[in-house]
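Asker: TSV, C-alpha atoms and all ligand atoms, saved as input.tsv, coming up:
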chain	number	residue	atom	x	y	z
Y	21	MET	CA	23.60	138.62	164.14
Y	22	LYS	CA	20.52	139.43	162.10
Y	23	VAL	CA	20.01	142.88	160.60
Y	24	THR	CA	16.69	143.07	162.43
Y	25	GLU	CA	18.43	142.25	165.75
Y	26	HIS	CA	20.93	145.05	165.15
Y	27	ILE	CA	18.00	147.40	164.57
Y	28	ALA	CA	16.05	146.18	167.59
Y	29	GLN	CA	19.04	146.72	169.90
Y	30	ALA	CA	20.07	150.10	168.48
Y	31	LYS	CA	19.78	153.28	170.51
Y	32	ASP	CA	20.53	155.51	167.52
Y	33	THR	CA	20.55	155.35	163.72
Y	34	LEU	CA	22.94	152.62	162.57
Y	35	ILE	CA	25.44	152.81	159.73
Y	36	SER	CA	25.99	150.15	157.08
Y	37	PHE	CA	27.90	149.95	153.81
Y	38	GLU	CA	27.55	148.17	150.52
Y	39	ILE	CA	30.55	147.07	148.51
Y	40	LEU	CA	31.11	145.34	145.19
Y	41	PRO	CA	33.46	142.38	144.81
Y	42	PRO	CA	36.67	143.51	143.10
Y	43	LEU	CA	37.25	142.78	139.43
Y	44	LYS	CA	38.48	139.24	138.82
Y	45	GLY	CA	42.22	138.96	139.44
Y	46	LYS	CA	42.38	141.48	142.27
Y	47	SER	CA	43.19	140.42	145.82
Y	48	ILE	CA	41.05	140.56	148.95
Y	49	ASP	CA	43.36	143.36	150.10
Y	50	SER	CA	41.56	145.70	147.71
Y	51	ILE	CA	38.43	145.10	149.80
Y	52	TYR	CA	40.26	145.71	153.07
Y	53	ASP	CA	41.90	148.88	151.65
Y	54	HIS	CA	38.41	150.08	150.68
Y	55	LEU	CA	36.81	149.22	154.02
Y	56	ASP	CA	39.60	150.03	156.51
Y	57	PRO	CA	38.95	153.81	156.57
Y	58	LEU	CA	35.21	153.19	157.04
Y	59	MET	CA	35.61	150.91	160.05
Y	60	GLU	CA	35.93	153.81	162.50
Y	61	PHE	CA	32.19	154.36	162.00
Y	62	LYS	CA	31.46	150.89	163.38
Y	63	PRO	CA	29.11	149.71	160.65
Y	64	SER	CA	26.59	147.18	161.89
Y	65	PHE	CA	26.79	145.16	158.69
Y	66	ILE	CA	28.32	145.23	155.24
Y	67	ASN	CA	26.44	144.17	152.14
Y	68	VAL	CA	28.27	142.51	149.28
Y	69	THR	CA	26.62	142.67	145.86
Y	70	TYR	CA	26.29	139.72	143.49
Y	71	HIS	CA	27.26	139.96	139.84
Y	72	ARG	CA	26.14	137.38	137.32
Y	73	SER	CA	28.04	136.34	134.22
Y	74	GLU	CA	27.78	138.40	131.07
Y	75	HIS	CA	27.84	137.26	127.48
Y	76	MET	CA	30.53	138.93	125.42
Y	77	PHE	CA	31.83	138.55	121.91
Y	78	LYS	CA	35.57	137.85	121.77
Y	79	LYS	CA	37.42	138.31	118.49
Y	80	LYS	CA	39.22	135.16	117.33
Y	81	ALA	CA	42.48	135.00	115.35
Y	82	ASP	CA	40.56	134.40	112.08
Y	83	GLY	CA	38.55	137.60	112.61
Y	84	SER	CA	35.32	135.85	113.54
Y	85	PHE	CA	33.64	136.35	116.91
Y	86	GLU	CA	33.03	133.82	119.62
Y	87	LYS	CA	30.30	134.25	122.25
Y	88	VAL	CA	31.82	133.75	125.69
Y	89	GLU	CA	30.46	133.93	129.21
Y	90	ILE	CA	32.52	136.07	131.59
Y	91	ARG	CA	32.00	136.77	135.26
Y	92	LYS	CA	33.88	139.96	136.02
Y	93	ARG	CA	33.20	140.21	139.74
Y	94	PRO	CA	33.01	136.78	141.34
Y	95	GLY	CA	33.56	136.13	145.03
Y	96	THR	CA	30.49	137.45	146.89
Y	97	VAL	CA	30.32	134.58	149.36
Y	98	GLY	CA	34.09	134.41	149.93
Y	99	ILE	CA	34.22	138.16	150.56
Y	100	CYS	CA	31.40	137.89	153.12
Y	101	ALA	CA	33.31	135.17	154.96
Y	102	ALA	CA	36.53	137.23	154.76
Y	103	ILE	CA	34.79	140.35	156.14
Y	104	MET	CA	33.31	138.43	159.04
Y	105	ASN	CA	36.66	136.87	159.81
Y	106	HIS	CA	38.77	140.01	159.34
Y	107	TYR	CA	36.55	142.63	160.98
Y	108	ASN	CA	34.18	140.52	163.07
Y	109	ILE	CA	31.25	142.35	161.46
Y	110	ASP	CA	28.14	140.83	159.93
Y	111	ALA	CA	28.19	140.52	156.18
Y	112	VAL	CA	25.06	140.42	154.05
Y	113	PRO	CA	25.45	138.64	150.71
Y	114	HIS	CA	23.11	139.61	147.91
Y	115	LEU	CA	21.48	136.59	146.33
Y	116	ILE	CA	19.85	136.90	142.92
Y	117	CYS	CA	17.51	134.81	140.78
Y	118	GLY	CA	19.34	135.44	137.50
Y	119	GLY	CA	21.73	132.68	136.47
Y	120	PHE	CA	20.76	130.34	139.30
Y	121	SER	CA	18.72	127.16	139.16
Y	122	ARG	CA	16.74	126.29	142.30
Y	123	GLU	CA	19.31	123.59	143.11
Y	124	GLU	CA	22.20	126.05	142.80
Y	125	THR	CA	20.34	128.46	145.06
Y	126	GLU	CA	19.79	125.73	147.62
Y	127	ASN	CA	23.49	124.81	147.56
Y	128	ALA	CA	24.47	128.48	147.91
Y	129	LEU	CA	22.17	128.82	150.94
Y	130	ILE	CA	23.68	125.70	152.50
Y	131	ASP	CA	27.16	127.26	152.06
Y	132	LEU	CA	26.00	130.53	153.63
Y	133	ASN	CA	24.46	128.68	156.55
Y	134	PHE	CA	27.63	126.65	157.15
Y	135	LEU	CA	29.65	129.88	157.10
Y	136	GLY	CA	27.50	131.32	159.88
Y	137	ILE	CA	26.01	134.05	157.68
Y	138	ASP	CA	22.70	135.14	159.21
Y	139	ASN	CA	21.40	137.50	156.54
Y	140	VAL	CA	20.61	137.51	152.84
Y	141	LEU	CA	19.29	140.26	150.60
Y	142	VAL	CA	17.16	138.50	147.99
Y	143	LEU	CA	16.81	140.12	144.59
Y	144	ARG	CA	15.71	139.24	141.12
Y	145	GLY	CA	18.73	140.71	139.33
Y	146	ASP	CA	18.65	142.46	135.98
Y	147	ALA	CA	19.14	141.26	132.43
Y	148	PRO	CA	22.82	140.67	131.68
Y	149	LYS	CA	24.56	143.49	129.79
Y	150	ASN	CA	23.79	143.32	126.07
Y	151	GLU	CA	20.43	141.67	126.79
Y	152	THR	CA	17.16	143.58	127.03
Y	153	PHE	CA	14.93	141.48	129.26
Y	154	PHE	CA	15.51	139.49	132.39
Y	155	GLU	CA	15.23	135.78	131.63
Y	156	PRO	CA	15.19	133.33	134.52
Y	157	ASP	CA	17.29	130.19	134.45
Y	158	PRO	CA	15.10	127.35	133.00
Y	159	ASN	CA	14.86	125.90	136.50
Y	160	GLY	CA	15.26	129.19	138.35
Y	161	HIS	CA	13.13	131.95	139.78
Y	162	SER	CA	11.42	134.70	137.80
Y	163	PHE	CA	10.87	137.14	140.68
Y	164	ALA	CA	12.54	137.91	143.98
Y	165	ILE	CA	9.44	136.65	145.82
Y	166	GLU	CA	10.05	133.12	144.52
Y	167	LEU	CA	13.65	133.20	145.75
Y	168	LEU	CA	12.41	134.58	149.06
Y	169	ASP	CA	9.97	131.68	149.24
Y	170	GLN	CA	12.82	129.22	148.81
Y	171	VAL	CA	14.80	130.84	151.65
Y	172	ALA	CA	11.68	130.92	153.84
Y	173	HIS	CA	11.12	127.20	153.13
Y	174	MET	CA	14.69	126.40	154.16
Y	175	ASN	CA	14.14	128.43	157.32
Y	176	ASN	CA	11.38	125.88	157.98
Y	177	GLY	CA	13.62	122.92	157.17
Y	178	VAL	CA	11.97	122.33	153.79
Y	179	TYR	CA	14.45	121.49	151.02
Y	180	LEU	CA	13.87	120.80	147.35
Y	181	GLU	CA	13.91	116.99	147.62
Y	182	ASP	CA	10.51	115.84	148.88
Y	183	ASP	CA	12.05	112.83	150.59
Y	184	LEU	CA	14.55	114.89	152.62
Y	185	GLN	CA	13.03	114.72	156.09
Y	186	GLY	CA	14.25	116.53	159.18
Y	187	GLY	CA	16.52	118.91	157.26
Y	188	VAL	CA	18.23	121.53	159.39
Y	189	LYS	CA	16.20	124.74	159.67
Y	190	THR	CA	18.25	127.70	158.51
Y	191	ASN	CA	17.58	130.98	160.26
Y	192	PHE	CA	18.23	133.64	157.64
Y	193	CYS	CA	17.04	137.18	158.15
Y	194	ILE	CA	15.68	138.14	154.73
Y	195	GLY	CA	15.97	141.58	153.17
Y	196	VAL	CA	14.30	142.72	149.95
Y	197	ALA	CA	14.61	145.73	147.64
Y	198	GLY	CA	12.12	148.61	147.50
Y	199	TYR	CA	11.92	151.49	145.05
Y	200	PRO	CA	10.87	154.96	146.28
Y	201	GLU	CA	10.66	156.04	142.63
Y	202	LYS	CA	9.08	152.76	141.38
Y	203	HIS	CA	10.85	149.82	139.79
Y	204	PHE	CA	11.33	150.67	136.13
Y	205	GLU	CA	9.39	147.67	134.84
Y	206	ALA	CA	6.34	148.14	137.05
Y	207	PRO	CA	3.37	149.63	135.21
Y	208	ASN	CA	2.64	151.98	138.10
Y	209	MET	CA	3.55	152.68	141.72
Y	210	GLN	CA	0.49	150.92	143.12
Y	211	THR	CA	1.33	147.65	141.34
Y	212	ASP	CA	4.96	147.85	142.39
Y	213	MET	CA	3.94	148.49	146.01
Y	214	SER	CA	1.55	145.54	146.00
Y	215	HIS	CA	4.42	143.29	144.82
Y	216	LEU	CA	6.55	144.69	147.64
Y	217	LYS	CA	3.78	144.01	150.13
Y	218	LYS	CA	3.60	140.39	148.96
Y	219	LYS	CA	7.34	140.01	149.55
Y	220	VAL	CA	6.84	141.18	153.12
Y	221	GLU	CA	3.82	138.93	153.62
Y	222	GLN	CA	5.90	135.98	152.39
Y	223	GLY	CA	8.54	136.61	155.04
Y	224	ALA	CA	10.78	139.57	154.18
Y	225	ASP	CA	12.14	140.97	157.44
Y	226	TYR	CA	13.19	144.37	156.16
Y	227	ILE	CA	13.43	146.54	153.04
Y	228	VAL	CA	16.48	148.33	151.62
Y	229	THR	CA	15.71	151.00	149.07
Y	230	GLN	CA	17.19	151.89	145.75
Y	231	MET	CA	19.24	155.08	145.92
Y	232	PHE	CA	17.36	158.40	145.79
Y	233	PHE	CA	18.48	162.02	145.90
Y	234	ASP	CA	15.23	163.59	147.02
Y	235	ASN	CA	14.36	162.62	150.59
Y	236	GLN	CA	10.71	163.50	150.03
Y	237	LYS	CA	10.47	160.50	147.67
Y	238	PHE	CA	11.67	158.28	150.52
Y	239	PHE	CA	9.29	159.86	153.04
Y	240	ASP	CA	6.37	159.33	150.63
Y	241	PHE	CA	7.46	155.73	150.05
Y	242	VAL	CA	7.59	155.01	153.79
Y	243	ALA	CA	4.15	156.61	154.22
Y	244	ARG	CA	2.73	154.45	151.40
Y	245	CYS	CA	4.26	151.31	152.95
Y	246	ARG	CA	2.82	152.08	156.37
Y	247	GLU	CA	-0.64	152.87	154.89
Y	248	MET	CA	-0.57	149.47	153.18
Y	249	GLY	CA	0.31	147.72	156.44
Y	250	ILE	CA	3.99	147.12	155.67
Y	251	THR	CA	5.50	147.44	159.12
Y	252	VAL	CA	9.04	146.05	158.65
Y	253	PRO	CA	12.08	148.36	158.95
Y	254	ILE	CA	12.80	150.39	155.82
Y	255	ILE	CA	16.47	151.20	155.26
Y	256	PRO	CA	17.34	154.06	152.89
Y	257	GLY	CA	20.11	153.35	150.36
Y	258	LEU	CA	22.33	156.39	149.75
Y	259	LYS	CA	24.87	157.15	147.08
Y	260	PRO	CA	26.88	160.32	146.48
Y	261	LEU	CA	26.67	162.02	143.11
Y	262	THR	CA	30.25	163.01	142.36
Y	263	THR	CA	30.69	163.34	138.59
Y	264	ARG	CA	28.92	165.26	135.84
Y	265	LYS	CA	28.43	162.01	133.91
Y	266	GLN	CA	26.32	160.57	136.73
Y	267	MET	CA	23.65	163.23	136.08
Y	268	THR	CA	22.57	161.26	133.02
Y	269	MET	CA	24.00	157.85	133.88
Y	270	LEU	CA	22.16	157.38	137.20
Y	271	PRO	CA	18.71	158.18	135.75
Y	272	ARG	CA	19.43	155.91	132.76
Y	273	ILE	CA	20.70	152.92	134.73
Y	274	PHE	CA	18.89	153.22	138.04
Y	275	HIS	CA	15.75	155.10	136.95
Y	276	VAL	CA	16.06	157.77	139.64
Y	277	ASP	CA	15.54	161.52	139.31
Y	278	ILE	CA	18.18	164.11	140.11
Y	279	PRO	CA	16.46	167.03	141.89
Y	280	THR	CA	16.70	170.39	140.11
Y	281	ASP	CA	18.53	172.03	143.03
Y	282	LEU	CA	21.26	169.40	142.85
Y	283	SER	CA	21.59	169.40	139.06
Y	284	THR	CA	21.70	173.22	139.02
Y	285	GLU	CA	24.52	173.26	141.56
Y	286	ILE	CA	26.45	170.65	139.63
Y	287	MET	CA	26.04	172.51	136.34
Y	288	LYS	CA	27.66	175.54	137.97
Y	289	CYS	CA	30.78	173.55	138.98
Y	290	LYS	CA	34.01	174.25	137.15
Y	291	SER	CA	36.02	171.19	138.21
Y	292	ASP	CA	35.56	167.57	139.28
Y	293	LYS	CA	36.65	168.59	142.76
Y	294	ASP	CA	33.81	171.14	142.93
Y	295	ILE	CA	31.31	168.50	141.82
Y	296	GLU	CA	32.54	166.11	144.48
Y	297	GLN	CA	32.14	168.87	147.06
Y	298	VAL	CA	28.54	169.54	145.99
Y	299	GLY	CA	27.76	165.80	145.99
Y	300	THR	CA	29.28	165.35	149.44
Y	301	GLU	CA	27.33	168.28	150.90
Y	302	TRP	CA	24.12	166.94	149.36
Y	303	LEU	CA	24.75	163.50	150.86
Y	304	ILE	CA	25.44	165.01	154.29
Y	305	ALA	CA	22.22	167.04	154.13
Y	306	GLN	CA	20.25	163.95	153.02
Y	307	SER	CA	21.78	161.84	155.79
Y	308	LYS	CA	21.07	164.43	158.50
Y	309	GLU	CA	17.45	164.80	157.45
Y	310	LEU	CA	16.94	161.02	157.26
Y	311	LYS	CA	18.50	160.57	160.68
Y	312	ALA	CA	16.18	163.22	162.11
Y	313	PHE	CA	13.26	161.40	160.45
Y	314	GLY	CA	14.27	158.33	162.47
Y	315	VAL	CA	15.45	155.84	159.86
Y	316	PRO	CA	16.82	152.68	161.49
Y	317	VAL	CA	19.98	152.54	159.37
Y	318	LEU	CA	21.78	154.78	156.89
Y	319	HIS	CA	23.02	152.39	154.21
Y	320	TYR	CA	25.75	153.78	151.94
Y	321	TYR	CA	26.62	152.52	148.47
Y	322	THR	CA	30.37	153.02	148.66
Y	323	LEU	CA	31.30	152.10	145.10
Y	324	GLY	CA	34.52	153.85	144.15
Y	325	LYS	CA	34.03	156.73	146.57
Y	326	PRO	CA	34.92	155.61	150.10
Y	327	LYS	CA	36.50	159.02	150.85
Y	328	VAL	CA	33.25	160.86	150.12
Y	329	ILE	CA	31.31	158.39	152.26
Y	330	GLU	CA	33.91	158.82	155.00
Y	331	LYS	CA	33.40	162.61	154.99
Y	332	ALA	CA	29.61	162.28	154.92
Y	333	VAL	CA	29.40	159.76	157.74
Y	334	ALA	CA	31.93	161.72	159.83
Y	335	ALA	CA	29.60	164.72	159.55
Y	336	ILE	CA	26.60	162.91	160.98
Y	337	VAL	CA	27.90	160.56	163.69
F	1	LIG	P1	11.32	141.89	142.07
F	1	LIG	O1	10.85	142.14	143.44
F	1	LIG	O2	11.16	140.50	141.53
F	1	LIG	O3	10.58	142.93	141.11
F	1	LIG	C1	10.97	143.07	139.76
F	1	LIG	C2	9.81	143.66	138.96
F	1	LIG	O4	8.78	142.69	138.85
F	1	LIG	C3	9.15	144.87	139.62
F	1	LIG	O5	8.70	145.74	138.59
F	1	LIG	C4	7.97	144.30	140.38
F	1	LIG	O6	6.92	145.24	140.53
F	1	LIG	C5	7.57	143.16	139.47
F	1	LIG	N1	7.04	141.97	140.18
F	1	LIG	C6	7.44	141.48	141.36
F	1	LIG	N2	6.76	140.37	141.64
F	1	LIG	C7	5.94	140.13	140.60
F	1	LIG	C8	4.99	139.12	140.28
F	1	LIG	N3	4.76	138.11	141.11
F	1	LIG	N4	4.33	139.20	139.09
F	1	LIG	C9	4.56	140.22	138.23
F	1	LIG	N5	5.45	141.23	138.48
F	1	LIG	C10	6.11	141.16	139.64
F	1	LIG	N6	21.16	143.41	141.20
F	1	LIG	C11	22.14	142.49	141.08
F	1	LIG	O7	22.27	141.85	140.03
F	1	LIG	N7	23.02	142.24	142.10
F	1	LIG	C12	22.93	142.89	143.28
F	1	LIG	O8	23.73	142.66	144.18
F	1	LIG	C13	21.91	143.89	143.45
F	1	LIG	N8	21.76	144.57	144.60
F	1	LIG	C14	20.71	145.45	144.76
F	1	LIG	C15	20.51	146.06	146.01
F	1	LIG	C16	19.45	146.96	146.19
F	1	LIG	C17	19.25	147.59	147.54
F	1	LIG	C18	18.59	147.25	145.11
F	1	LIG	C19	17.46	148.22	145.28
F	1	LIG	C20	18.77	146.64	143.87
F	1	LIG	C21	19.83	145.72	143.69
F	1	LIG	N9	20.03	145.06	142.48
F	1	LIG	C22	21.02	144.11	142.35
F	1	LIG	C23	19.19	145.38	141.32
F	1	LIG	C24	17.93	144.49	141.25
F	1	LIG	O9	18.31	143.16	141.00
F	1	LIG	C25	17.06	145.06	140.13
F	1	LIG	O10	16.55	146.31	140.50
F	1	LIG	C26	15.99	144.15	139.58
F	1	LIG	O11	15.52	144.72	138.35
F	1	LIG	C27	14.77	143.98	140.46
F	1	LIG	O12	15.06	143.26	141.58
F	1	LIG	P2	13.94	143.05	142.72
F	1	LIG	O13	14.50	142.12	143.71
F	1	LIG	O14	13.40	144.33	143.16
F	1	LIG	O15	12.84	142.26	141.84
Would you write the structure of this file as structure tokens?
Answerer:
Amino acid sequence: MKVTEHIAQAKDTLISFEILPPLKGKSIDSIYDHLDPLMEFKPSFINVTYHRSEHMFKKKADGSFEKVEIRKRPGTVGICAAIMNHYNIDAVPHLICGGFSREETENALIDLNFLGIDNVLVLRGDAPKNETFFEPDPNGHSFAIELLDQVAHMNNGVYLEDDLQGGVKTNFCIGVAGYPEKHFEAPNMQTDMSHLKKKVEQGADYIVTQMFFDNQKFFDFVARCREMGITVPIIPGLKPLTTRKQMTMLPRIFHVDIPTDLSTEIMKCKSDKDIEQVGTEWLIAQSKELKAFGVPVLHYYTLGKPKVIEKAVAAIV
């Protein structure tokens, strides 16, 4: 079922989770172990992130270095199929521009369609680790909107080969990313918002936001979207802050602010357990306020902390 259908049929705020594929070599059981305790909350869908290959330098026996390409977390599509089969819940694969040619994207979409996957979250992706700027594949997409366009074309039965007539029309529900605190590369909020608006005009069915710790930023973002005529559902992405290191790491990597009240409370903590407690309480307060605001879905980034998410969701359902 499509994410938008879940939302349309819902009587209350829905719950959804996002997971990462396990590191290469681990079994699918690590995913089930992670998700099993969260299933009692009846998530409407589970997103599975996509991780491109990274270039690394491997030391050879003679002391010289060899540049190798390593994909640490493969398996997005397989995990989506496994989740649907194991839990009978919709899975939403993330699909990125980086590292994909248009042909590879088309083939991936054909696989997803054959697997009965109804949703995709289309993203540009970031530069691989150790590289500064995002570079598209020579025959790939530079921005999420181009990838979205390709999915929208396939939804109309239009494939890459001009002479392919009467191709099956896929029926993907398309999600895109939005940034309550602005995407870090955008020169200003207005420009970023106009790019978001174009994604919606080109066929995005809903928006999922980057994490944020200050709900006011989300409320302002929703107000801006609505003023600009963006009417699709906007799903807040939520992550708990549970370690002292995240106070600098999250702003550096995800370009989000940590509110003073939260950072002050964390600075006062004497142990990791105390920090986790503060982070959990903050997440519960954020979730309650967002629910009262009327968000369609509370979408939790569960990475490494399913127990904290469990506590937070238990407090609001
Ligand atoms: P875009 O919408 O293409 O925007 C990127 C930048 O380009 C923005 O600054 C935008 O303003 C600008 N822009 C957009 N269109 C144009 C245009 N036509 N001309 C000029 N500028 C333009 N990354 C992964 O690798 N794997 C994942 O699974 C993943 N999941 C994510 C899930 C969520 C909910 C979010 C919020 C992010 C996720 N990311 C993931 C990270 C994401 O790939 C990065 O944030 C990336 O830098 C931007 O992706 P985007 O889809 O927002 O890009």
Asker: What does the distance from atom CA of Y:Ser36 to atom CA of Y:Asn176 come to in Å, to one decimal?
Answerer: 28.3 Å
Asker: Nearest to Y:Gly314: which of Y:Val142, Y:Ala111, Y:Ile27, Y:Met21 is it, counting all atoms listed in the file?
Answerer: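 Checking each candidate against Y:Gly314, we get Y:Ile27 as the closest.
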Asker: For a test of reading the model, state the distance in Å between atom CA of Y:Val178 and atom CA of Y:Ile227, rounded to one decimal.
Answerer: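 Going from atom CA of Y:Val178 over to atom CA of Y:Ile227 covers 24.3 Å.
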Asker: Can you work out the spacing between atom CA of Y:Ala305 and atom O3 of ligand LIG 1 (chain F) in Å, to one decimal?
Answerer: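 So the answer is 29.8 Å.
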Asker: Enumerate residues in contact with ligand LIG 1 (chain F): an atom-to-atom distance of at most 8 Å, counting all atoms listed in the file. Format the result as a PyMOL selection string.
Answerer: chain Y and resi 40+68-72+113-116+118+141-147+154+162-165+196-199+202-207+211-216+218-219+228-231+257+274
Asker: Neighbours of Y:Pro279 within 12 Å (only C-alpha atoms; same-chain residues fewer than 6 positions away dropped), as JSON, numbers by chain?
Answerer: {"Y": [232, 233, 234, 235, 236, 237, 261, 267, 271, 285, 286, 302]}
Asker: So, counting all atoms listed in the file, which residue among Y:Arg246, Y:Lys265, Y:Lys22, Y:His319 is closest to Y:Asn191?
Answerer: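 Result for the nearest residue to Y:Asn191: Y:Lys22.
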Asker: Can you tell me, as an MDAnalysis selection string, what residues are no more than 8 Å from Y:Val315 when counting all atoms listed in the file, ignoring any on the same chain fewer than 3 positions away?
Answerer: chainID Y and resid 33 254:256 310:312 318
Asker: Which residue, Y:Cys289, Y:Val140, Y:Ile109, Y:Leu258, has the smallest gap to Y:Leu303 when you use only C-alpha atoms?
Answerer: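 Once distances to Y:Leu303 are computed over only C-alpha atoms, the minimum belongs to Y:Leu258.
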Asker: For Y:Gly195, which residue out of Y:Val317, Y:Val23, Y:Ala101, Y:Ile48 is the nearest one, using only C-alpha atoms?
Answerer: Y:Val23
Asker: Could the residues of stretch 99-175 of chain Y that have an atom at most 9 Å from stretch 49-61 of chain Y be listed as a tab-separated table, each with its closest atom pair and the distance in Å to one decimal, counting all atoms listed in the file and ordered by chain and ascending residue number?
Answerer:
residue	atom	partner	partner_atom	distance
Y:Ile99	CA	Y:Ile51	CA	8.2
Y:Ile103	CA	Y:Tyr52	CA	8.3
Y:His106	CA	Y:Tyr52	CA	8.6
Y:Tyr107	CA	Y:Met59	CA	8.4
Asker: Next, dump the selected residues to file, keeping only C-alpha atoms, as a compact mmCIF listing (two decimals), in the coordinates of the input.
Answerer:
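selection-v4.txt written:
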# COMPACT_ATOMS: atom_id res chain seq x y z
CA ILE Y 99 34.22 138.16 150.56
CA ILE Y 103 34.79 140.35 156.14
CA HIS Y 106 38.77 140.01 159.34
CA TYR Y 107 36.55 142.63 160.98
Asker: Using the file's own x, y and z axes, so that the box edges lie along x, y and z, what centre and edge lengths in Å (one decimal) does a box around every listed atom of stretch 170-189 of chain Y get when 5 Å is added on each side? Give it as AutoDock Vina command-line options.
Answerer:
--center_x 14.4 --center_y 121.9 --center_z 153.5 --size_x 17.7 --size_y 28.1 --size_z 22.3
Asker: Identify, on the basis of all atoms listed in the file, every residue whose closest approach to Y:Gly249 does not exceed 10 Å; exclude the query and any residue fewer than 5 positions from it along the same chain; express the result as a PyMOL selection string.
Answerer: chain Y and resi 217+220-221+243-244
Asker: Can stretch 252-263 of chain Y be brought up to N, CA, C and O atoms and written out as a compact mmCIF listing (two decimals), in the coordinates of the input?
Answerer:
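Written output follows (part_14.txt):
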# COMPACT_ATOMS: atom_id res chain seq x y z
N VAL Y 252 7.63 146.41 158.44
CA VAL Y 252 9.04 146.05 158.65
C VAL Y 252 9.95 147.28 158.52
O VAL Y 252 9.54 148.29 157.90
N PRO Y 253 11.17 147.22 159.10
CA PRO Y 253 12.08 148.36 158.95
C PRO Y 253 12.38 148.66 157.48
O PRO Y 253 12.50 147.75 156.66
N ILE Y 254 12.48 149.96 157.18
CA ILE Y 254 12.80 150.39 155.82
C ILE Y 254 14.11 151.17 155.88
O ILE Y 254 14.20 152.21 156.54
N ILE Y 255 15.12 150.64 155.21
CA ILE Y 255 16.47 151.20 155.26
C ILE Y 255 16.74 151.99 153.98
O ILE Y 255 16.66 151.43 152.88
N PRO Y 256 17.05 153.29 154.11
CA PRO Y 256 17.34 154.06 152.89
C PRO Y 256 18.73 153.75 152.34
O PRO Y 256 19.70 153.69 153.10
N GLY Y 257 18.82 153.55 151.03
CA GLY Y 257 20.11 153.35 150.36
C GLY Y 257 20.58 154.69 149.81
O GLY Y 257 19.83 155.40 149.15
N LEU Y 258 21.83 155.05 150.11
CA LEU Y 258 22.33 156.39 149.75
C LEU Y 258 23.61 156.30 148.94
O LEU Y 258 24.53 155.54 149.28
N LYS Y 259 23.67 157.12 147.92
CA LYS Y 259 24.87 157.15 147.08
C LYS Y 259 25.24 158.60 146.79
O LYS Y 259 24.35 159.41 146.51
N PRO Y 260 26.52 158.94 146.83
CA PRO Y 260 26.88 160.32 146.48
C PRO Y 260 26.92 160.50 144.96
O PRO Y 260 27.28 159.58 144.24
N LEU Y 261 26.53 161.69 144.53
CA LEU Y 261 26.67 162.02 143.11
C LEU Y 261 27.94 162.86 143.00
O LEU Y 261 28.02 163.95 143.59
N THR Y 262 28.94 162.35 142.30
CA THR Y 262 30.25 163.01 142.36
C THR Y 262 30.86 163.33 140.99
O THR Y 262 31.97 163.85 140.93
N THR Y 263 30.16 162.99 139.92
CA THR Y 263 30.69 163.34 138.59
C THR Y 263 29.56 163.90 137.72
O THR Y 263 28.38 163.58 137.96
